[in-house]
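J.: The file below is data02.cif, mmCIF, C-alpha atoms:
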data_protein
loop_
_atom_site.label_atom_id
_atom_site.label_comp_id
_atom_site.auth_asym_id
_atom_site.auth_seq_id
_atom_site.Cartn_x
_atom_site.Cartn_y
_atom_site.Cartn_z
CA MET A 1 -12.86 3.00 -9.33
CA THR A 2 -11.42 -0.51 -9.34
CA THR A 3 -8.27 0.46 -11.23
CA THR A 4 -5.40 -0.99 -9.24
CA ALA A 5 -1.77 -0.24 -8.71
CA ALA A 6 -0.74 -3.15 -10.89
CA GLU A 7 -2.73 -1.69 -13.76
CA GLY A 8 -1.30 1.79 -13.45
CA ASN A 9 1.64 3.62 -14.88
CA ARG A 10 5.19 2.58 -14.01
CA MET A 11 6.45 4.95 -11.36
CA THR A 12 8.69 4.80 -8.34
CA ILE A 13 8.08 5.77 -4.75
CA TYR A 14 10.57 8.59 -5.32
CA GLU A 15 7.89 10.48 -7.21
CA HIS A 16 4.57 11.88 -6.11
CA LEU A 17 1.54 10.33 -7.74
CA ALA A 18 0.49 11.74 -11.08
CA GLU A 19 -2.73 9.70 -11.12
CA PHE A 20 -4.73 8.01 -8.43
CA ALA A 21 -7.67 5.63 -8.79
CA GLY A 22 -8.33 6.72 -12.35
CA LYS A 23 -8.06 10.48 -11.92
CA PRO A 24 -5.17 12.91 -12.48
CA VAL A 25 -3.68 14.38 -9.34
CA ALA A 26 -3.96 18.15 -8.88
CA GLU A 27 -1.98 20.01 -6.23
CA PHE A 28 -4.00 22.21 -3.89
CA ASP A 29 -2.51 25.71 -3.89
CA ARG A 30 -3.48 27.75 -0.84
CA GLU A 31 -2.76 31.01 -2.62
CA SER A 32 -4.90 30.38 -5.68
CA GLY A 33 -7.40 27.93 -4.24
CA GLY A 34 -6.14 24.99 -6.29
CA ALA A 35 -6.02 24.12 -9.95
CA PRO A 36 -8.57 25.58 -12.40
CA VAL A 37 -10.57 22.32 -12.56
CA GLY A 38 -13.81 20.98 -11.18
CA ALA A 39 -13.58 19.62 -7.66
CA ALA A 40 -14.81 16.20 -8.79
CA ASP A 41 -12.56 15.96 -11.85
CA VAL A 42 -9.25 15.28 -10.09
CA ALA A 43 -7.62 13.62 -7.13
CA TRP A 44 -6.60 16.51 -4.88
CA ARG A 45 -3.19 16.37 -3.18
CA VAL A 46 -3.08 18.26 0.10
CA GLU A 47 0.23 18.57 1.94
CA THR A 48 2.59 20.78 3.85
CA VAL A 49 6.39 20.83 3.83
CA PHE A 50 9.03 20.43 6.52
CA ASP A 51 9.15 23.60 8.62
CA GLY A 52 6.08 24.76 6.70
CA PRO A 53 2.56 25.69 7.80
CA GLU A 54 0.57 23.40 10.06
CA PHE A 55 -1.03 20.65 8.01
CA GLY A 56 -4.33 21.22 9.78
CA GLU A 57 -4.39 24.79 8.50
CA VAL A 58 -3.71 23.64 4.94
CA LEU A 59 -6.43 21.00 5.08
CA ARG A 60 -8.98 23.47 6.46
CA ASP A 61 -8.08 25.96 3.72
CA PHE A 62 -8.61 23.20 1.19
CA ALA A 63 -12.09 22.49 2.52
CA ASP A 64 -12.89 26.21 2.49
CA GLN A 65 -11.52 27.07 -0.94
CA VAL A 66 -12.49 23.98 -2.96
CA ASP A 67 -16.02 22.66 -3.35
CA ALA A 68 -15.34 19.99 -0.74
CA ALA A 69 -18.79 18.44 -1.05
CA ALA A 70 -17.94 17.45 -4.64
CA VAL A 71 -14.51 15.94 -3.92
CA THR A 72 -14.32 12.20 -4.59
CA HIS A 73 -10.54 11.53 -4.60
CA LEU A 74 -8.05 12.81 -2.06
CA VAL A 75 -4.28 12.32 -1.76
CA ILE A 76 -2.67 13.29 1.53
CA GLY A 77 1.01 14.12 1.30
CA TYR A 78 3.48 15.20 4.00
CA TRP A 79 1.59 16.11 7.18
CA GLY A 80 4.53 16.62 9.52
CA ALA A 81 6.36 14.48 12.04
CA SER A 82 7.28 14.40 15.71
CA TYR A 83 10.71 15.76 14.80
CA ASP A 84 9.20 18.66 12.81
CA ASP A 85 8.67 21.54 15.24
CA HIS A 86 6.27 23.26 12.88
CA SER A 87 3.90 20.40 12.12
CA ASP A 88 3.05 17.22 13.99
CA ALA A 89 -0.51 16.55 12.92
CA ASP A 90 -2.68 13.45 13.11
CA PRO A 91 -4.05 13.35 9.56
CA VAL A 92 -6.72 10.81 10.46
CA ASP A 93 -8.08 13.04 13.23
CA LEU A 94 -8.17 15.97 10.85
CA LEU A 95 -9.87 14.00 8.08
CA VAL A 96 -12.46 12.56 10.45
CA GLY A 97 -13.16 16.09 11.67
CA LEU A 98 -13.93 17.14 8.10
CA ALA A 99 -15.96 14.06 7.16
CA GLY A 100 -19.21 16.00 7.11
CA ARG A 101 -17.76 18.29 4.45
CA LEU A 102 -16.50 15.41 2.29
CA PRO A 103 -19.67 13.33 1.78
CA ARG A 104 -18.66 12.04 -1.67
CA LEU A 105 -15.15 10.85 -0.81
CA ARG A 106 -14.59 7.49 -2.49
CA ALA A 107 -10.79 7.17 -2.85
CA LEU A 108 -8.13 8.15 -0.32
CA PHE A 109 -4.36 7.85 -0.37
CA LEU A 110 -2.76 8.57 3.00
CA GLY A 111 0.99 9.17 2.77
CA ASP A 112 2.02 10.19 -0.75
CA ILE A 113 5.40 11.01 0.74
CA THR A 114 8.71 10.41 -1.02
CA PRO A 115 11.91 9.25 0.72
CA GLU A 116 13.31 12.75 0.20
CA GLU A 117 10.56 14.03 2.50
CA ALA A 118 10.60 11.09 4.94
CA GLU A 119 11.72 7.48 4.63
CA ILE A 120 8.87 5.00 4.59
CA SER A 121 10.08 3.49 7.89
CA TRP A 122 9.93 6.94 9.53
CA LEU A 123 6.35 7.73 8.56
CA GLU A 124 4.30 8.02 11.74
CA THR A 125 0.98 6.66 10.59
CA PRO A 126 -1.92 6.76 13.05
CA ASP A 127 -4.81 4.36 13.64
CA ILE A 128 -6.76 4.22 10.38
CA THR A 129 -9.81 2.39 11.76
CA ARG A 130 -11.79 5.61 12.19
CA LEU A 131 -11.63 6.30 8.47
CA PHE A 132 -14.08 3.50 7.79
CA ASP A 133 -16.69 4.93 10.14
CA ALA A 134 -16.17 8.50 8.97
CA PHE A 135 -16.25 7.64 5.26
CA PRO A 136 -18.61 4.66 4.88
CA GLU A 137 -18.69 4.98 1.07
CA LEU A 138 -14.90 4.67 0.72
CA GLU A 139 -14.13 2.27 -2.13
CA HIS A 140 -10.37 2.67 -2.43
CA LEU A 141 -7.89 3.15 0.43
CA GLU A 142 -4.12 3.18 0.19
CA VAL A 143 -1.80 3.95 3.10
CA ARG A 144 1.97 4.39 3.07
CA GLY A 145 3.84 4.20 6.35
CA GLY A 146 3.82 1.75 9.20
CA LYS A 147 5.39 3.25 12.32
CA ASP A 148 2.58 3.34 14.90
CA LEU A 149 0.10 2.14 12.25
CA ALA A 150 -2.93 0.49 13.85
CA LEU A 151 -6.12 -1.08 12.58
CA ARG A 152 -8.97 -2.86 14.30
CA PRO A 153 -11.34 -5.18 12.41
CA VAL A 154 -13.72 -3.15 10.28
CA ARG A 155 -16.79 -3.69 8.15
CA SER A 156 -17.31 -2.14 4.74
CA ARG A 157 -19.80 -3.21 2.11
CA VAL A 158 -18.17 -1.10 -0.63
CA LEU A 159 -14.36 -1.16 -0.18
CA ARG A 160 -12.83 -2.65 -3.32
CA THR A 161 -9.12 -1.83 -3.00
CA LEU A 162 -6.95 -1.85 0.12
CA ARG A 163 -3.22 -1.29 -0.09
CA LEU A 164 -0.89 -0.89 2.89
CA GLU A 165 2.70 0.02 1.97
CA SER A 166 5.15 -0.36 4.82
CA GLY A 167 8.77 -1.06 5.62
CA GLY A 168 7.44 -3.25 8.46
CA LEU A 169 3.73 -3.99 8.80
CA PRO A 170 2.66 -4.89 12.36
CA ALA A 171 1.15 -8.34 12.76
CA GLU A 172 -1.88 -6.91 14.56
CA VAL A 173 -2.73 -4.90 11.44
CA VAL A 174 -2.51 -8.01 9.25
CA ARG A 175 -4.72 -9.94 11.66
CA ALA A 176 -7.24 -7.09 11.67
CA VAL A 177 -7.49 -7.19 7.87
CA GLY A 178 -8.16 -10.91 8.04
CA ALA A 179 -10.82 -10.41 10.69
CA SER A 180 -12.61 -7.63 8.81
CA ASP A 181 -15.84 -8.06 6.87
CA LEU A 182 -15.02 -6.84 3.37
CA PRO A 183 -17.42 -8.59 0.97
CA ALA A 184 -16.64 -6.29 -1.98
CA LEU A 185 -12.84 -6.25 -1.64
CA GLU A 186 -11.23 -7.23 -4.95
CA HIS A 187 -7.63 -6.04 -4.58
CA LEU A 188 -5.50 -6.41 -1.44
CA ASP A 189 -1.81 -5.48 -1.25
CA LEU A 190 0.20 -5.75 1.96
CA TRP A 191 3.88 -4.81 2.15
CA LEU A 192 4.98 -6.91 5.11
CA GLY A 193 8.52 -5.53 5.30
CA ILE A 194 11.19 -6.61 7.73
CA GLU A 195 11.46 -7.18 11.45
CA LEU A 196 13.96 -4.34 11.83
CA TYR A 197 11.18 -1.91 10.90
CA GLY A 198 8.46 -3.60 12.95
CA GLY A 199 7.36 -6.21 10.43
CA ASP A 200 6.63 -9.06 12.85
CA THR A 201 3.98 -10.82 10.76
CA THR A 202 4.13 -14.61 10.54
CA VAL A 203 2.21 -17.00 8.31
CA ASP A 204 -0.16 -17.71 11.20
CA ASP A 205 -1.17 -14.04 11.23
CA LEU A 206 -2.34 -14.39 7.61
CA ALA A 207 -4.79 -17.19 8.33
CA GLY A 208 -7.85 -14.96 8.07
CA ILE A 209 -6.75 -13.70 4.66
CA LEU A 210 -5.51 -16.97 3.17
CA GLY A 211 -8.65 -18.80 4.27
CA GLY A 212 -10.70 -16.34 2.25
CA GLU A 213 -14.02 -16.72 4.06
CA ARG A 214 -14.40 -12.99 4.70
CA LEU A 215 -13.06 -11.98 1.27
CA PRO A 216 -15.45 -13.59 -1.23
CA ALA A 217 -14.76 -11.06 -4.01
CA LEU A 218 -10.96 -10.99 -3.77
CA ARG A 219 -9.23 -11.39 -7.14
CA HIS A 220 -5.75 -10.01 -6.47
CA LEU A 221 -3.56 -10.63 -3.43
CA GLY A 222 -0.16 -9.08 -2.87
CA LEU A 223 2.05 -10.20 0.02
CA GLU A 224 5.07 -8.17 -0.88
CA ASP A 225 8.32 -6.59 0.31
CA ALA A 226 8.72 -9.46 2.77
CA GLU A 227 11.75 -11.02 4.35
CA ILE A 228 9.56 -14.07 5.08
CA ALA A 229 8.87 -14.61 1.37
CA ASP A 230 9.88 -18.28 1.55
CA ASP A 231 7.35 -18.90 4.32
CA LEU A 232 4.72 -17.02 2.32
CA ALA A 233 5.41 -19.19 -0.71
CA GLY A 234 4.79 -22.29 1.36
CA ALA A 235 1.58 -20.82 2.75
CA VAL A 236 0.04 -19.76 -0.57
CA ALA A 237 0.96 -23.12 -2.09
CA GLY A 238 -1.88 -24.61 -0.08
CA ALA A 239 -4.09 -21.62 0.73
CA PRO A 240 -7.80 -21.98 -0.15
CA ILE A 241 -8.09 -18.42 -1.45
CA VAL A 242 -5.49 -18.89 -4.20
CA ALA A 243 -7.69 -21.06 -6.41
CA ARG A 244 -10.09 -18.18 -7.03
CA LEU A 245 -7.51 -15.43 -7.44
CA GLU A 246 -6.71 -13.98 -10.84
CA SER A 247 -3.33 -12.59 -9.82
CA LEU A 248 -0.87 -13.06 -6.97
CA SER A 249 2.24 -11.13 -6.02
CA LEU A 250 5.11 -12.16 -3.77
CA ALA A 251 7.27 -9.48 -5.36
CA LEU A 252 9.88 -7.18 -3.82
CA GLY A 253 10.88 -9.73 -1.23
CA ALA A 254 13.58 -12.22 -0.28
CA LEU A 255 12.28 -15.29 -2.13
CA THR A 256 14.97 -17.97 -2.48
CA ASP A 257 15.12 -21.43 -4.02
CA PRO A 258 13.51 -23.27 -1.06
CA GLY A 259 10.51 -20.95 -1.26
CA ALA A 260 10.14 -21.44 -4.99
CA GLU A 261 10.40 -25.19 -4.47
CA ARG A 262 7.42 -25.02 -2.15
CA LEU A 263 5.46 -23.02 -4.71
CA LEU A 264 6.13 -25.61 -7.39
CA ALA A 265 5.14 -28.47 -5.10
CA GLY A 266 1.81 -26.92 -4.12
CA GLN A 267 -1.54 -26.38 -5.76
CA PRO A 268 -1.80 -25.38 -9.45
CA LEU A 269 -0.89 -21.76 -10.09
CA THR A 270 -1.07 -21.60 -13.88
CA HIS A 271 -4.36 -19.65 -13.74
CA LEU A 272 -2.63 -16.66 -12.17
CA ARG A 273 -2.03 -13.84 -14.64
CA PRO A 274 0.26 -12.59 -13.45
CA LEU A 275 2.19 -14.43 -10.78
CA ASP A 276 4.57 -11.65 -9.81
CA LEU A 277 7.83 -12.72 -8.18
CA HIS A 278 10.03 -9.86 -9.29
CA HIS A 279 12.90 -8.86 -7.00
CA HIS A 280 13.98 -12.28 -5.76
CA TYR A 281 17.07 -14.35 -4.91
CA LEU A 282 16.43 -17.39 -7.10
CA SER A 283 19.25 -19.25 -8.79
CA ASP A 284 19.37 -19.47 -12.57
CA ALA A 285 18.43 -23.14 -12.41
CA MET A 286 15.37 -22.44 -10.26
CA MET A 287 14.31 -19.60 -12.53
CA ASP A 288 14.34 -22.05 -15.43
CA ARG A 289 12.16 -24.47 -13.47
CA VAL A 290 9.68 -21.75 -12.53
CA ARG A 291 9.45 -20.51 -16.11
CA ALA A 292 8.81 -24.04 -17.37
CA ALA A 293 6.12 -24.79 -14.76
CA LEU A 294 4.53 -21.34 -14.58
CA PRO A 295 4.74 -19.59 -17.96
CA GLY A 296 4.22 -15.88 -17.63
CA ALA A 297 5.55 -15.62 -14.07
CA ASN A 298 7.39 -12.31 -13.60
CA LEU A 299 10.95 -13.16 -12.59
CA ASP A 300 12.51 -9.77 -13.28
CA GLN A 301 15.14 -8.26 -11.00
CA GLN A 302 17.16 -11.26 -9.90
CA GLU A 303 19.29 -10.33 -6.90
CA THR A 304 22.45 -12.08 -5.78
CA PRO A 305 23.24 -12.29 -2.06
CA ASP A 306 26.69 -10.86 -1.41
CA GLY A 307 27.45 -13.15 1.51
CA SER A 308 25.68 -10.96 4.04
CA ASN A 309 22.44 -11.93 5.69
CA THR A 310 19.66 -11.86 3.10
CA LYS A 311 17.35 -10.00 5.48
CA ILE A 312 19.87 -7.22 5.92
CA LEU A 313 20.46 -7.13 2.18
CA LEU A 314 16.73 -6.75 1.65
CA CYS A 315 16.64 -3.92 4.16
CA ARG A 316 19.36 -2.10 2.28
CA THR A 317 17.85 -2.53 -1.14
CA GLN A 318 14.10 -2.48 -0.65
CA LEU A 319 13.74 1.23 -1.48
CA ALA A 320 16.79 1.78 -3.64
CA GLN A 321 16.25 -0.94 -6.22
CA ARG A 322 12.58 -1.66 -6.67
CA SER A 323 10.45 -0.25 -9.44
CA LEU A 324 6.79 -0.36 -8.55
CA SER A 325 3.57 -0.48 -10.49
CA LEU A 326 1.74 2.36 -8.81
CA ARG A 327 -1.83 3.31 -9.16
CA SER A 328 -3.62 5.24 -11.83
#
Turn the structure described in the file into structure tokens.

T.:
Amino acid sequence: MTTTAAEGNRMTIYEHLAEFAGKPVAEFDRESGGAPVGAADVAWRVETVFDGPEFGEVLRDFADQVDAAAVTHLVIGYWGASYDDHSDADPVDLLVGLAGRLPRLRALFLGDITPEEAEISWLETPDITRLFDAFPELEHLEVRGGKDLALRPVRSRVLRTLRLESGGLPAEVVRAVGASDLPALEHLDLWLGIELYGGDTTVDDLAGILGGERLPALRHLGLEDAEIADDLAGAVAGAPIVARLESLSLALGALTDPGAERLLAGQPLTHLRPLDLHHHYLSDAMMDRVRAALPGANLDQQETPDGSNTKILLCRTQLAQRSLSLRS
């Protein structure tokens, strides 16, 4: 159950998941009742399509036709949008309404939606707080989206993986993660994104996470896809939590030489395997310095600013160029 995205197969966000949290993904087929497999053997993907049936109807059919009480892994795909006249569902409301029929749910992916279906910055993701009350045994939660995403501080004694993928993660969500009681959490990935898409997080908003008091089991931290990557580098260079991490990722962001300089001037990072910095704006000379000081750091995908504002460049390239380690 603790298999993480970084340990999974190489995929891109242009493809639906083939595996999730250690199980193969099987598409629920309303006509046949799903794949000819045991309900507990796979991660079930449930979705509608644009101008298709109401997502609520599809989800209810899933619960009726599959042995829902045995389902442990669930992948929610396209559920509709405000601009889709045929489907504008709140997937969290619908899932919470079915919680009594899904007593064994342990792993949930909300938003396995490709850019062809809806760009990540368009995904209208509701308040996910209620999922923790409805599914108290949830060990693995991944959410893709960000528009309208909300989270209040939560408590979970069993959650081990939390991953929030967003083109712009609201600061209030980041603060809520830091204020949550998550004693078992081992793997945390936050795509902070850019201000243009609502990513208004600052280093101060990360204080609850970087201090580490509420995250005693954390071993991997990802602060990724961020236009404030230089500020993040300065913050992690002195953050108490870093000393007990096994891996750290500042990948997919706009890291430049000043940020790398702050990393090199901070606390020792040689214990991190890996230190993932891929997709960055470092000069060749700085890359040489990082390699010499931090052997094994991932410096793939060097980008070169074209004279435009780096933040805008990041906005243009964040989906088109990155190759992600997604979950298995």

J.: Would you please work out which residue, of A:Arg291, A:Arg30, A:Lys23, A:His278, is nearest to Leu264 in chain A when using all atoms listed in the file?

T.: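 Under the stated criterion, the closest residue is A:Arg291.
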
J.: Dump as JSON, numbers by chain all residues having an atom at most 10 Å from (11.0, 14.6, 2.6), computed in the file's coordinates with all atoms listed in the file.

T.: {"A": [14, 49, 50, 78, 80, 113, 114, 115, 116, 117, 118, 119]}

J.: Residues of range 96-122 of chain A within 9 Å of range 51-70 of chain A: nearest atom pair and distance (Å, one decimal) for each, counting only C-alpha atoms, sorted by chain and number, as JSON lines?

T.:
{"residue": "A:Leu98", "atom": "CA", "partner": "A:Ala63", "partner_atom": "CA", "distance": 7.9}
{"residue": "A:Gly100", "atom": "CA", "partner": "A:Ala69", "partner_atom": "CA", "distance": 8.5}
{"residue": "A:Arg101", "atom": "CA", "partner": "A:Ala69", "partner_atom": "CA", "distance": 5.6}
{"residue": "A:Leu102", "atom": "CA", "partner": "A:Ala69", "partner_atom": "CA", "distance": 5.1}
{"residue": "A:Pro103", "atom": "CA", "partner": "A:Ala69", "partner_atom": "CA", "distance": 5.9}
{"residue": "A:Arg104", "atom": "CA", "partner": "A:Ala70", "partner_atom": "CA", "distance": 6.2}
{"residue": "A:Leu105", "atom": "CA", "partner": "A:Ala70", "partner_atom": "CA", "distance": 8.1}

J.: Grab the residues selected above and save them as a tab-separated table (two decimals), in the frame of the given file with C-alpha atoms.

T.:
chain	number	residue	atom	x	y	z
A	98	LEU	CA	-13.93	17.14	8.10
A	100	GLY	CA	-19.21	16.00	7.11
A	101	ARG	CA	-17.76	18.29	4.45
A	102	LEU	CA	-16.50	15.41	2.29
A	103	PRO	CA	-19.67	13.33	1.78
A	104	ARG	CA	-18.66	12.04	-1.67
A	105	LEU	CA	-15.15	10.85	-0.81

J.: Can you measure CA of Ala229 in chain A to CA of Arg144 in chain A for me? One decimal in Å is fine.

T.: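 Atom-to-atom, CA of Ala229 in chain A and CA of Arg144 in chain A are spaced 20.3 Å apart.
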
J.: Calculated over all atoms listed in the file, which of the candidates A:Ala260, A:Leu138, A:Leu206, A:Leu159 has the smallest distance to Arg175 in chain A?

T.: A:Leu206

J.: Please evaluate the PyMOL selection byres ((chain A and resi 209-214) around 8) against the structure above and give the resulting residues as a list in words.

T.: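 Residues picked by the PyMOL selection byres ((chain A and resi 209-214) around 8): Val177, Gly178, Ala179, Ser180, Asp181, Leu182, Pro183, Leu206, Ala207, Gly208, Leu215, Pro216, Val236, Ala239, Pro240, Ile241 and Val242 of chain A.
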
J.: I need the residue set behind the PyMOL selection byres ((chain A and resi 220) around 10) for this file; please write it as a list in words.

T.: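 Written out, the selection comes to Thr4, Ala6, Thr161, Leu185, Glu186, His187, Leu188, Asp189, Ala217, Leu218, Arg219, Leu221, Gly222, Val242, Arg244, Leu245, Glu246, Ser247, Leu248, Ser249, Leu272, Arg273 and Pro274 of chain A.
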
J.: Expanded to explicit residues, what is the PyMOL selection byres ((chain A and resi 16) around 9) for this file, as number ranges by chain?

T.: A: 11-15, 17-18, 77, 112-114

J.: Which residue, A:Leu263, A:Val37, A:Ala43, A:Leu223, has the smallest gap to Arg163 in chain A when you use all atoms listed in the file?

T.: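 Looking only at the distances to Arg163 in chain A, the closest residue turns out to be A:Leu223.
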
J.: Between CA of Leu74 in chain A and CA of Leu108 in chain A, what is the distance in Å, rounded to a tenth?

T.: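 Taking CA of Leu74 in chain A and CA of Leu108 in chain A, their separation equals 5.0 Å.
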
J.: For range 139-141 of chain A, work out the shell of residues within 8 Å, counting only C-alpha atoms and skipping chain neighbours fewer than 2 positions away, then give it as a PDB file with C-alpha atoms, in the frame of the given file.

T.:
ATOM      1  CA  MET A   1     -12.860   3.000  -9.330  1.00  0.00           C
ATOM      2  CA  THR A   2     -11.420  -0.510  -9.340  1.00  0.00           C
ATOM      3  CA  ALA A  21      -7.670   5.630  -8.790  1.00  0.00           C
ATOM      4  CA  ARG A 106     -14.590   7.490  -2.490  1.00  0.00           C
ATOM      5  CA  ALA A 107     -10.790   7.170  -2.850  1.00  0.00           C
ATOM      6  CA  LEU A 108      -8.130   8.150  -0.320  1.00  0.00           C
ATOM      7  CA  PHE A 109      -4.360   7.850  -0.370  1.00  0.00           C
ATOM      8  CA  LEU A 110      -2.760   8.570   3.000  1.00  0.00           C
ATOM      9  CA  GLU A 137     -18.690   4.980   1.070  1.00  0.00           C
ATOM     10  CA  VAL A 143      -1.800   3.950   3.100  1.00  0.00           C
ATOM     11  CA  VAL A 158     -18.170  -1.100  -0.630  1.00  0.00           C
ATOM     12  CA  LEU A 159     -14.360  -1.160  -0.180  1.00  0.00           C
ATOM     13  CA  ARG A 160     -12.830  -2.650  -3.320  1.00  0.00           C
ATOM     14  CA  THR A 161      -9.120  -1.830  -3.000  1.00  0.00           C
ATOM     15  CA  LEU A 162      -6.950  -1.850   0.120  1.00  0.00           C
ATOM     16  CA  ARG A 163      -3.220  -1.290  -0.090  1.00  0.00           C
TER      17      ARG A 163
END

J.: Work out how far CA of Leu294 in chain A is from CA of His271 in chain A, in Å to one decimal.

T.: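 Atom-to-atom, CA of His271 in chain A and CA of Leu294 in chain A are spaced 9.1 Å apart.
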
J.: A:Asp200, A:Glu172, A:Asp29, A:Asp231: which is nearest Ala150 in chain A, counting all atoms listed in the file?

T.: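 Among A:Asp200, A:Glu172, A:Asp29, A:Asp231, it is A:Glu172 that comes nearest to Ala150 in chain A.
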
J.: Excluding same-chain residues fewer than 3 positions from Gly198 in chain A, what lies within 6 Å of it counting only C-alpha atoms, as a list in words?

T.: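 Using only C-alpha atoms, the neighbours found are Gly168, Pro170 and Glu195 of chain A.
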
J.: Got a sec: who's within 9 Å of Ala293 in chain A, counting only C-alpha atoms, leaving out chain neighbours fewer than 2 positions off, as a list of chain:residue names?

T.: A:Leu264, A:Leu269, A:Thr270, A:Asp288, A:Arg289, A:Val290, A:Arg291, A:Pro295

J.: Those residues you just picked out, can you put them in a file as a short mmCIF file (atom, residue, chain, number, x, y, z; two decimals), in the coordinates of the input with C-alpha atoms?

T.:
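Dumped everything to part_16.cif:
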data_model
loop_
_atom_site.label_atom_id
_atom_site.label_comp_id
_atom_site.auth_asym_id
_atom_site.auth_seq_id
_atom_site.Cartn_x
_atom_site.Cartn_y
_atom_site.Cartn_z
CA LEU A 264 6.13 -25.61 -7.39
CA LEU A 269 -0.89 -21.76 -10.09
CA THR A 270 -1.07 -21.60 -13.88
CA ASP A 288 14.34 -22.05 -15.43
CA ARG A 289 12.16 -24.47 -13.47
CA VAL A 290 9.68 -21.75 -12.53
CA ARG A 291 9.45 -20.51 -16.11
CA PRO A 295 4.74 -19.59 -17.96
#

J.: Would you list the contacts of range 145-147 of chain A as an mmCIF file with C-alpha atoms, in the coordinates of the input, taking every protein, DNA or RNA residue within 7 Å and counting all atoms listed in the file, but skipping same-chain residues closer than 6 positions in sequence?

T.:
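Done, and the output landed in part.cif:
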data_model
loop_
_atom_site.group_PDB
_atom_site.id
_atom_site.type_symbol
_atom_site.label_atom_id
_atom_site.label_comp_id
_atom_site.auth_asym_id
_atom_site.auth_seq_id
_atom_site.Cartn_x
_atom_site.Cartn_y
_atom_site.Cartn_z
ATOM 1 C CA GLY A 111 0.990 9.170 2.770
ATOM 2 C CA ILE A 120 8.870 5.000 4.590
ATOM 3 C CA SER A 121 10.080 3.490 7.890
ATOM 4 C CA TRP A 122 9.930 6.940 9.530
ATOM 5 C CA LEU A 123 6.350 7.730 8.560
ATOM 6 C CA GLU A 124 4.300 8.020 11.740
ATOM 7 C CA THR A 125 0.980 6.660 10.590
ATOM 8 C CA GLU A 165 2.700 0.020 1.970
ATOM 9 C CA SER A 166 5.150 -0.360 4.820
ATOM 10 C CA GLY A 167 8.770 -1.060 5.620
ATOM 11 C CA GLY A 168 7.440 -3.250 8.460
ATOM 12 C CA LEU A 169 3.730 -3.990 8.800
#
